[in-house]
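Novice: Dropping a structure here in structure tokens format, bear with me for questions.
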Amino acid sequence: MTDYSLPTKIMRSTVLKLTLTYLSIMMIMSLIFSFVIYRTSVIQLRKQPPVRSLGLGRIKEVPKQKLDELEDVFAKQAREVEQQIFVRLVWLNIFVVIGGGIISYVLARKTLAPIEYAIESQTRFVSDASHELRTPLTVIQTMNEVALRQPKLSVSEAKDVIKQNVEEAAKLRILSDNLLGLLKQNSTNPKISEFSVIDAVDEAISQVSVMAQKSSISLQSTVDSTIISSDKTLIVQLLVILLDNAIKYSPENSSVTVSSQRRGEKYAIEIQDNGVGISPRDQAHIFDRFYRVDQSRGKTHKNGYGLGLSIAKRLADQLDVEIKLKSSPNKGSKFSLHFKGVKQTTS
Ligand code: ADP
């Protein structure tokens, strides 16, 4: 089980701090507002003209005692109004504390939601990566411990151990390369230039041709000579990932084809294989980090860490390219790269 408690604790205390900050701002505003209202009302009430200045004092029939009583009544009423205003303002501030607290909490959660998502995905990433690193490391450790426990190790047995060590080390290297690739993606900006699709596809094919030859898979390209404006290195990297998978998940003696489609302003590069295909259920997840289709359901056990397509997806997002997939089990897969908002001309 993955322990996400530390970031959750940090998030909780940050939400609390932000809620208190928002609430303090609201309370300061409300108290200032209440003070101004109260002071203004009190000044106005106390300014109320005394009964005598209303001219009542000049009416002879009104005795002085009555005038004093009237003045007392007015003063009493003014004090009562003052008190009422005070009580209402206190209620208003209590309401601001409760209502403002709820609003502040909702606002704080909303403000911190993207950060919370980033922290959570980073934690999951580190945890998944450590899990993936642990498997080959455990194999290496167990293998070497068993070999060391043998009183006599023949040369061929020692060579076997070394061979397995080299294989596991190679897996670890691939994994660390992939992880570094993911990190680099976050820190580099694309270098946009104009280049021919043919050049990019040829470069990608040359990088995977040895692997294709090993599996006797024929690689064909029929892409046109469109010039696109993008980051060539990243497009080649993207194509290599898709070609690498197309080869990896295809049977021996089959073929992988790269073609292009142009419809008006829209342009796409398509990679078609005749491999194991991907079920609709898995299609929903294959771009997730560390997601691998359950190979036990297929006949093949291919090396990989489920990082290739998540890297491809990130590259595509960075370049404003859309990746689409059409696939069905045992009928092959077609991954296509759709270029939008990119300058496209034909040379
Ligand atoms: P991996 O290193 O496992 O190949 P990816 O992220 O590149 O990781 O791919 C994720 C999963 O998607 C793979 O485990 C594989 O099952 C499936 N997949 C990717 N490309 C293809 C393809 N062309 N044909 C069939 N399955 C594929």
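We name chains A, B, ... following the order of the structure tokens; residues begin at 1 in each chain, and ligands are numbered from 1 as shown.
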Within range 125-277 of chain A, find each residue whose DSSP state, derived from the backbone, is strand (DSSP E or B), and express the selection as an mmCIF file with N, CA, C and O atoms, in the first residue's frame.

Specialist:
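Final output, states.cif:
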```cif
data_model
loop_
_atom_site.group_PDB
_atom_site.id
_atom_site.type_symbol
_atom_site.label_atom_id
_atom_site.label_comp_id
_atom_site.auth_asym_id
_atom_site.auth_seq_id
_atom_site.Cartn_x
_atom_site.Cartn_y
_atom_site.Cartn_z
ATOM 1 N N SER A 193 11.314 24.359 -35.495
ATOM 2 C CA SER A 193 11.940 24.670 -36.791
ATOM 3 C C SER A 193 11.124 23.972 -37.884
ATOM 4 O O SER A 193 10.266 23.137 -37.575
ATOM 5 N N GLU A 194 11.404 24.295 -39.136
ATOM 6 C CA GLU A 194 10.686 23.628 -40.229
ATOM 7 C C GLU A 194 11.517 22.453 -40.731
ATOM 8 O O GLU A 194 12.734 22.574 -40.904
ATOM 9 N N PHE A 195 10.876 21.323 -40.931
ATOM 10 C CA PHE A 195 11.599 20.143 -41.433
ATOM 11 C C PHE A 195 10.639 19.245 -42.192
ATOM 12 O O PHE A 195 9.408 19.353 -42.049
ATOM 13 N N SER A 196 11.230 18.353 -42.984
ATOM 14 C CA SER A 196 10.394 17.469 -43.798
ATOM 15 C C SER A 196 9.975 16.246 -42.983
ATOM 16 O O SER A 196 10.787 15.673 -42.245
ATOM 17 N N SER A 218 9.300 -6.144 -41.246
ATOM 18 C CA SER A 218 9.662 -5.180 -42.294
ATOM 19 C C SER A 218 9.032 -3.821 -41.969
ATOM 20 O O SER A 218 7.859 -3.726 -41.600
ATOM 21 N N LEU A 219 9.879 -2.779 -42.083
ATOM 22 C CA LEU A 219 9.431 -1.411 -41.781
ATOM 23 C C LEU A 219 9.287 -0.644 -43.078
ATOM 24 O O LEU A 219 10.241 -0.568 -43.862
ATOM 25 N N GLN A 220 8.093 -0.134 -43.361
ATOM 26 C CA GLN A 220 7.908 0.612 -44.607
ATOM 27 C C GLN A 220 7.395 2.007 -44.318
ATOM 28 O O GLN A 220 6.579 2.189 -43.405
ATOM 29 N N SER A 221 7.844 2.962 -45.146
ATOM 30 C CA SER A 221 7.331 4.331 -44.995
ATOM 31 C C SER A 221 6.777 4.836 -46.325
ATOM 32 O O SER A 221 7.438 4.703 -47.358
ATOM 33 N N THR A 226 5.654 16.568 -46.908
ATOM 34 C CA THR A 226 5.148 17.777 -46.214
ATOM 35 C C THR A 226 6.222 18.348 -45.283
ATOM 36 O O THR A 226 6.969 17.600 -44.641
ATOM 37 N N ILE A 227 6.263 19.675 -45.240
ATOM 38 C CA ILE A 227 7.186 20.350 -44.310
ATOM 39 C C ILE A 227 6.344 20.790 -43.109
ATOM 40 O O ILE A 227 5.327 21.461 -43.275
ATOM 41 N N ILE A 228 6.752 20.376 -41.944
ATOM 42 C CA ILE A 228 5.995 20.824 -40.765
ATOM 43 C C ILE A 228 6.874 21.692 -39.876
ATOM 44 O O ILE A 228 8.105 21.632 -39.955
ATOM 45 N N SER A 229 6.207 22.458 -39.067
ATOM 46 C CA SER A 229 6.917 23.350 -38.155
ATOM 47 C C SER A 229 6.707 22.820 -36.743
ATOM 48 O O SER A 229 5.607 22.911 -36.201
ATOM 49 N N SER A 230 7.757 22.224 -36.189
ATOM 50 C CA SER A 230 7.655 21.639 -34.853
ATOM 51 C C SER A 230 9.076 21.417 -34.317
ATOM 52 O O SER A 230 10.038 21.925 -34.880
ATOM 53 N N SER A 255 4.647 -6.871 -40.723
ATOM 54 C CA SER A 255 5.142 -5.573 -41.215
ATOM 55 C C SER A 255 4.533 -4.403 -40.431
ATOM 56 O O SER A 255 3.432 -4.501 -39.895
ATOM 57 N N VAL A 256 5.327 -3.325 -40.380
ATOM 58 C CA VAL A 256 4.876 -2.085 -39.734
ATOM 59 C C VAL A 256 4.973 -0.982 -40.790
ATOM 60 O O VAL A 256 6.008 -0.848 -41.455
ATOM 61 N N THR A 257 3.890 -0.224 -40.947
ATOM 62 C CA THR A 257 3.884 0.804 -41.997
ATOM 63 C C THR A 257 3.676 2.193 -41.413
ATOM 64 O O THR A 257 2.804 2.392 -40.558
ATOM 65 N N VAL A 258 4.484 3.141 -41.911
ATOM 66 C CA VAL A 258 4.290 4.545 -41.516
ATOM 67 C C VAL A 258 3.749 5.278 -42.746
ATOM 68 O O VAL A 258 4.351 5.217 -43.823
ATOM 69 N N SER A 259 2.614 5.935 -42.599
ATOM 70 C CA SER A 259 2.045 6.658 -43.743
ATOM 71 C C SER A 259 1.580 8.038 -43.294
ATOM 72 O O SER A 259 1.595 8.345 -42.091
ATOM 73 N N SER A 260 1.172 8.866 -44.252
ATOM 74 C CA SER A 260 0.676 10.195 -43.882
ATOM 75 C C SER A 260 -0.685 10.452 -44.514
ATOM 76 O O SER A 260 -1.011 9.874 -45.559
ATOM 77 N N GLN A 261 -1.462 11.292 -43.878
ATOM 78 C CA GLN A 261 -2.804 11.631 -44.356
ATOM 79 C C GLN A 261 -2.939 13.141 -44.324
ATOM 80 O O GLN A 261 -2.584 13.761 -43.336
ATOM 81 N N ARG A 262 -3.451 13.702 -45.397
ATOM 82 C CA ARG A 262 -3.677 15.154 -45.386
ATOM 83 C C ARG A 262 -5.116 15.417 -45.788
ATOM 84 O O ARG A 262 -5.577 14.913 -46.818
ATOM 85 N N ARG A 263 -5.814 16.138 -44.923
ATOM 86 C CA ARG A 263 -7.184 16.555 -45.273
ATOM 87 C C ARG A 263 -7.282 18.050 -45.028
ATOM 88 O O ARG A 263 -7.371 18.483 -43.886
ATOM 89 N N LYS A 266 -5.549 19.769 -42.156
ATOM 90 C CA LYS A 266 -5.196 18.752 -41.160
ATOM 91 C C LYS A 266 -4.186 17.766 -41.736
ATOM 92 O O LYS A 266 -4.287 17.360 -42.893
ATOM 93 N N TYR A 267 -3.243 17.386 -40.859
ATOM 94 C CA TYR A 267 -2.198 16.478 -41.321
ATOM 95 C C TYR A 267 -1.931 15.431 -40.238
ATOM 96 O O TYR A 267 -1.913 15.745 -39.052
ATOM 97 N N ALA A 268 -1.759 14.177 -40.668
ATOM 98 C CA ALA A 268 -1.508 13.121 -39.673
ATOM 99 C C ALA A 268 -0.446 12.139 -40.170
ATOM 100 O O ALA A 268 -0.363 11.855 -41.367
ATOM 101 N N ILE A 269 0.364 11.661 -39.206
ATOM 102 C CA ILE A 269 1.307 10.571 -39.498
ATOM 103 C C ILE A 269 0.747 9.330 -38.804
ATOM 104 O O ILE A 269 0.417 9.389 -37.610
ATOM 105 N N GLU A 270 0.641 8.235 -39.535
ATOM 106 C CA GLU A 270 0.026 7.024 -38.965
ATOM 107 C C GLU A 270 1.027 5.873 -38.912
ATOM 108 O O GLU A 270 1.794 5.667 -39.862
ATOM 109 N N ILE A 271 0.986 5.142 -37.812
ATOM 110 C CA ILE A 271 1.860 3.960 -37.665
ATOM 111 C C ILE A 271 0.967 2.743 -37.474
ATOM 112 O O ILE A 271 0.273 2.624 -36.463
ATOM 113 N N GLN A 272 0.976 1.888 -38.457
ATOM 114 C CA GLN A 272 0.075 0.726 -38.443
ATOM 115 C C GLN A 272 0.888 -0.557 -38.229
ATOM 116 O O GLN A 272 1.895 -0.784 -38.899
#
```

Novice: If the limit is 6 Å from any atom of ligand 1, counting only C-alpha atoms and all ligand atoms, which residues qualify? Return them as a ChimeraX atom specification.

Specialist: /A:245-246,249,275-278,286,291-293,304-310,333

Novice: May I have the selected residues written with N, CA, C and O atoms, as a short mmCIF file (atom, residue, chain, number, x, y, z; two decimals), in the first residue's frame?

Specialist:
```
data_model
loop_
_atom_site.label_atom_id
_atom_site.label_comp_id
_atom_site.auth_asym_id
_atom_site.auth_seq_id
_atom_site.Cartn_x
_atom_site.Cartn_y
_atom_site.Cartn_z
N ASN A 245 7.14 0.26 -29.98
CA ASN A 245 6.00 -0.54 -29.51
C ASN A 245 5.42 -1.38 -30.64
O ASN A 245 5.07 -2.56 -30.43
N ALA A 246 5.28 -0.77 -31.82
CA ALA A 246 4.69 -1.49 -32.96
C ALA A 246 5.50 -2.76 -33.24
O ALA A 246 4.94 -3.83 -33.50
N TYR A 249 5.24 -5.36 -30.09
CA TYR A 249 3.97 -6.09 -29.93
C TYR A 249 3.45 -6.69 -31.23
O TYR A 249 2.25 -6.89 -31.41
N GLY A 275 0.01 -6.38 -35.02
CA GLY A 275 0.38 -7.10 -33.80
C GLY A 275 -0.80 -7.55 -32.95
O GLY A 275 -1.91 -7.75 -33.46
N VAL A 276 -0.52 -7.65 -31.64
CA VAL A 276 -1.50 -8.24 -30.72
C VAL A 276 -2.74 -7.37 -30.50
O VAL A 276 -3.78 -7.86 -30.05
N GLY A 277 -2.63 -6.07 -30.83
CA GLY A 277 -3.78 -5.18 -30.64
C GLY A 277 -4.02 -4.87 -29.17
O GLY A 277 -3.39 -5.46 -28.28
N ILE A 278 -4.92 -3.94 -28.92
CA ILE A 278 -5.20 -3.51 -27.54
C ILE A 278 -6.72 -3.49 -27.34
O ILE A 278 -7.44 -2.92 -28.17
N ILE A 286 -3.66 3.00 -21.43
CA ILE A 286 -2.27 2.77 -21.87
C ILE A 286 -1.39 4.01 -21.86
O ILE A 286 -0.18 3.89 -21.86
N TYR A 291 1.46 1.90 -16.71
CA TYR A 291 0.37 0.97 -17.06
C TYR A 291 0.86 0.00 -18.14
O TYR A 291 1.39 0.40 -19.17
N ARG A 292 0.70 -1.28 -17.88
CA ARG A 292 1.07 -2.31 -18.85
C ARG A 292 -0.11 -3.24 -19.00
O ARG A 292 -0.76 -3.61 -18.02
N VAL A 293 -0.38 -3.61 -20.26
CA VAL A 293 -1.46 -4.57 -20.48
C VAL A 293 -1.00 -5.90 -19.91
O VAL A 293 0.17 -6.26 -20.02
N GLY A 304 9.49 -3.99 -20.57
CA GLY A 304 8.97 -2.62 -20.60
C GLY A 304 8.48 -2.24 -19.23
O GLY A 304 8.29 -3.10 -18.36
N TYR A 305 8.29 -0.94 -19.04
CA TYR A 305 7.85 -0.46 -17.74
C TYR A 305 6.56 0.35 -17.81
O TYR A 305 6.16 0.99 -16.86
N GLY A 306 5.94 0.32 -18.99
CA GLY A 306 4.70 1.09 -19.11
C GLY A 306 4.93 2.59 -19.07
O GLY A 306 4.06 3.34 -18.64
N LEU A 307 6.14 3.02 -19.51
CA LEU A 307 6.41 4.46 -19.49
C LEU A 307 6.41 5.08 -20.88
O LEU A 307 6.22 6.29 -21.04
N GLY A 308 6.65 4.22 -21.91
CA GLY A 308 6.80 4.73 -23.28
C GLY A 308 5.65 5.61 -23.72
O GLY A 308 5.87 6.76 -24.14
N LEU A 309 4.43 5.11 -23.61
CA LEU A 309 3.29 5.87 -24.12
C LEU A 309 2.98 7.10 -23.27
O LEU A 309 2.47 8.09 -23.78
N SER A 310 3.30 7.03 -21.96
CA SER A 310 3.05 8.24 -21.15
C SER A 310 4.05 9.32 -21.55
O SER A 310 3.71 10.52 -21.58
N SER A 333 -2.72 -2.51 -34.40
CA SER A 333 -3.03 -1.19 -33.85
C SER A 333 -2.58 -0.11 -34.82
O SER A 333 -1.59 -0.28 -35.55
#
```

Novice: List the spatial neighbours of Glu168 in chain A as a PyMOL selection string - criterion: any atom at most 7 Å away, only C-alpha atoms, same-chain residues fewer than 3 positions off excluded.

Specialist: chain A and resi 136+140+164-165+171-172

Novice: Figure out the distance between CA of Leu112 in chain A and CA of Thr14 in chain A, please, to one decimal in Å.

Specialist: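 Straight-line distance from CA of Thr14 in chain A to CA of Leu112 in chain A works out to 8.4 Å.
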
Novice: Need to verify the contact set: range 236-241 of chain A, 9 Å, only C-alpha atoms, exclusion of same-chain residues closer than 3 positions in sequence. Can you return it as JSON, numbers by chain?

Specialist: {"A": [200, 201, 202, 203, 204, 205, 207, 208, 231, 232, 233, 244, 245, 246, 271, 308, 309, 311, 312, 313, 315, 316, 337]}
